[in-house]
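Enquirer: I have a structure here, written as structure tokens, and I will follow up with some questions on it.
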Amino acid sequence: MKNKTSRDLSFRPSSFAVWSRRDLMRTIGLAAALASTAFPIYAQTQQQKISKSEAKYQDKPNGNQRCQMCQHFQAPNQCELVEGGISPNGWCQHFKAKNT
Ligand code: SF4
């Protein structure tokens, strides 16, 4: 009869307990690679919004352009670029029309 060893798949008390050093290093390397890839996205989502004065925000439309029609508008009264509450009928110099 064949002796069972820690490398024998049928003799694993738990998958974590028999991880080889190579398995562990691969996992740590993969985790580090994923973290470095994800970090810029995290940093981007943590960016500070700009002030209303920097954006030259106004509480009224600019011609037929208004926040409600902008790609950056977040209903009911937020903007992904400009800080604080905004009016759906407002406007700023970063207006970008929604794709229709
Ligand atoms: S017009 Fe300016 S303030 Fe209004 S939603 Fe677009 S980016 Fe934000």
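Every chain in the structure tokens takes a letter, A first, then B, and so on in the order presented; its residues are numbered from 1, and the ligands are numbered from 1 following the presented order.
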If DSSP is run on the backbone, what residues of stretch 47-93 of chain A are strand (DSSP E)? A reply as a PyMOL selection string would be ideal.

Expert: chain A and resi 73-74+78-79

Enquirer: Could you write out that same residue set with C-alpha atoms as a tab-separated table (two decimals), in the first residue's frame?

Expert:
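Output below, filename selection.tsv:
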chain	number	residue	atom	x	y	z
A	73	PHE	CA	-24.83	65.28	-13.10
A	74	GLN	CA	-25.86	62.91	-10.29
A	78	GLN	CA	-24.98	66.37	-7.04
A	79	CYS	CA	-22.14	66.60	-9.51

Enquirer: Please find the residues contacting ligand 1 at a distance of at most 9 Å between atoms, with only C-alpha atoms and all ligand atoms counted, and report them as a CSV table (one decimal) with N, CA and C atoms, in the first residue's frame.

Expert:
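Everything below was put into selection-v2.csv:
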chain,number,residue,atom,x,y,z
A,52,LYS,N,-17.2,75.4,-6.5
A,52,LYS,CA,-18.1,76.0,-7.4
A,52,LYS,C,-17.5,77.2,-8.1
A,55,ALA,N,-15.1,76.1,-10.8
A,55,ALA,CA,-15.9,75.6,-11.9
A,55,ALA,C,-16.7,76.7,-12.6
A,56,LYS,N,-16.7,77.9,-12.0
A,56,LYS,CA,-17.5,79.0,-12.5
A,56,LYS,C,-19.0,78.5,-12.6
A,57,TYR,N,-19.4,77.9,-11.5
A,57,TYR,CA,-20.8,77.4,-11.4
A,57,TYR,C,-21.7,78.5,-11.3
A,58,GLN,N,-22.9,78.4,-11.8
A,58,GLN,CA,-24.0,79.3,-11.7
A,58,GLN,C,-25.3,78.6,-11.5
A,61,PRO,N,-29.2,78.1,-16.1
A,61,PRO,CA,-28.6,77.5,-17.3
A,61,PRO,C,-27.8,78.5,-18.1
A,65,GLN,N,-27.9,74.8,-22.1
A,65,GLN,CA,-27.1,73.8,-21.3
A,65,GLN,C,-27.4,74.0,-19.9
A,66,ARG,N,-27.7,72.8,-19.2
A,66,ARG,CA,-28.0,72.8,-17.8
A,66,ARG,C,-27.5,71.5,-17.2
A,67,CYS,N,-27.2,71.5,-15.9
A,67,CYS,CA,-26.7,70.4,-15.2
A,67,CYS,C,-27.4,69.1,-15.5
A,68,GLN,N,-28.7,69.2,-15.5
A,68,GLN,CA,-29.6,68.0,-15.8
A,68,GLN,C,-29.2,67.3,-17.1
A,69,MET,N,-28.7,68.0,-18.0
A,69,MET,CA,-28.3,67.4,-19.3
A,69,MET,C,-26.8,67.1,-19.4
A,70,CYS,N,-26.1,67.2,-18.3
A,70,CYS,CA,-24.7,67.0,-18.3
A,70,CYS,C,-24.3,65.6,-17.9
A,71,GLN,N,-23.2,65.0,-18.4
A,71,GLN,CA,-22.8,63.7,-18.1
A,71,GLN,C,-22.3,63.6,-16.6
A,72,HIS,N,-21.9,64.7,-16.0
A,72,HIS,CA,-21.4,64.7,-14.7
A,72,HIS,C,-22.5,64.8,-13.6
A,73,PHE,N,-23.7,65.1,-14.0
A,73,PHE,CA,-24.8,65.3,-13.1
A,73,PHE,C,-25.2,64.0,-12.4
A,74,GLN,N,-25.4,64.1,-11.1
A,74,GLN,CA,-25.9,62.9,-10.3
A,74,GLN,C,-27.1,63.3,-9.6
A,77,ASN,N,-29.2,66.2,-7.0
A,77,ASN,CA,-28.6,67.5,-6.9
A,77,ASN,C,-27.1,67.5,-6.7
A,78,GLN,N,-26.4,66.5,-7.2
A,78,GLN,CA,-25.0,66.4,-7.0
A,78,GLN,C,-24.3,66.3,-8.4
A,79,CYS,N,-23.0,66.6,-8.3
A,79,CYS,CA,-22.1,66.6,-9.5
A,79,CYS,C,-20.9,65.8,-9.2
A,80,GLU,N,-20.4,65.0,-10.1
A,80,GLU,CA,-19.2,64.2,-9.8
A,80,GLU,C,-18.0,65.0,-9.8
A,81,LEU,N,-18.0,66.3,-10.3
A,81,LEU,CA,-16.8,67.1,-10.4
A,81,LEU,C,-16.9,68.3,-9.4
A,82,VAL,N,-18.1,68.8,-9.2
A,82,VAL,CA,-18.2,70.1,-8.4
A,82,VAL,C,-18.7,69.7,-7.0
A,83,GLU,N,-18.1,70.3,-6.0
A,83,GLU,CA,-18.5,70.0,-4.6
A,83,GLU,C,-19.8,70.7,-4.2
A,86,ILE,N,-25.9,71.1,-6.1
A,86,ILE,CA,-26.1,71.9,-7.3
A,86,ILE,C,-27.5,71.8,-7.7
A,87,SER,N,-27.9,72.8,-8.5
A,87,SER,CA,-29.2,72.8,-9.1
A,87,SER,C,-29.3,72.0,-10.4
A,88,PRO,N,-30.3,71.2,-10.7
A,88,PRO,CA,-30.4,70.6,-12.0
A,88,PRO,C,-30.5,71.6,-13.1
A,89,ASN,N,-30.8,72.8,-12.8
A,89,ASN,CA,-30.9,73.9,-13.8
A,89,ASN,C,-29.7,74.8,-13.7
A,90,GLY,N,-28.6,74.4,-13.0
A,90,GLY,CA,-27.4,75.1,-13.0
A,90,GLY,C,-26.5,74.8,-14.2
A,91,TRP,N,-25.3,75.4,-14.1
A,91,TRP,CA,-24.3,75.1,-15.2
A,91,TRP,C,-22.9,75.5,-14.7
A,92,CYS,N,-21.9,74.9,-15.3
A,92,CYS,CA,-20.6,75.3,-15.0
A,92,CYS,C,-19.8,75.1,-16.3
A,93,GLN,N,-18.5,75.6,-16.3
A,93,GLN,CA,-17.7,75.5,-17.5
A,93,GLN,C,-17.3,74.1,-17.8
A,94,HIS,N,-17.5,73.1,-17.0
A,94,HIS,CA,-17.2,71.7,-17.3
A,94,HIS,C,-18.4,71.0,-17.9
A,95,PHE,N,-19.4,71.7,-18.3
A,95,PHE,CA,-20.6,71.0,-18.8
A,95,PHE,C,-20.1,70.1,-20.0
A,96,LYS,N,-20.7,68.9,-20.0
A,96,LYS,CA,-20.5,68.0,-21.1
A,96,LYS,C,-21.8,67.3,-21.3
A,97,ALA,N,-22.4,67.5,-22.5
A,97,ALA,CA,-23.7,66.9,-22.8
A,97,ALA,C,-23.7,65.4,-22.7

Enquirer: For A:Gly84, which residue out of A:Arg21, A:Lys60, A:Lys49, A:Arg26 is the nearest one, using only C-alpha atoms?

Expert: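 So, comparing all the options, the nearest one is A:Lys49.
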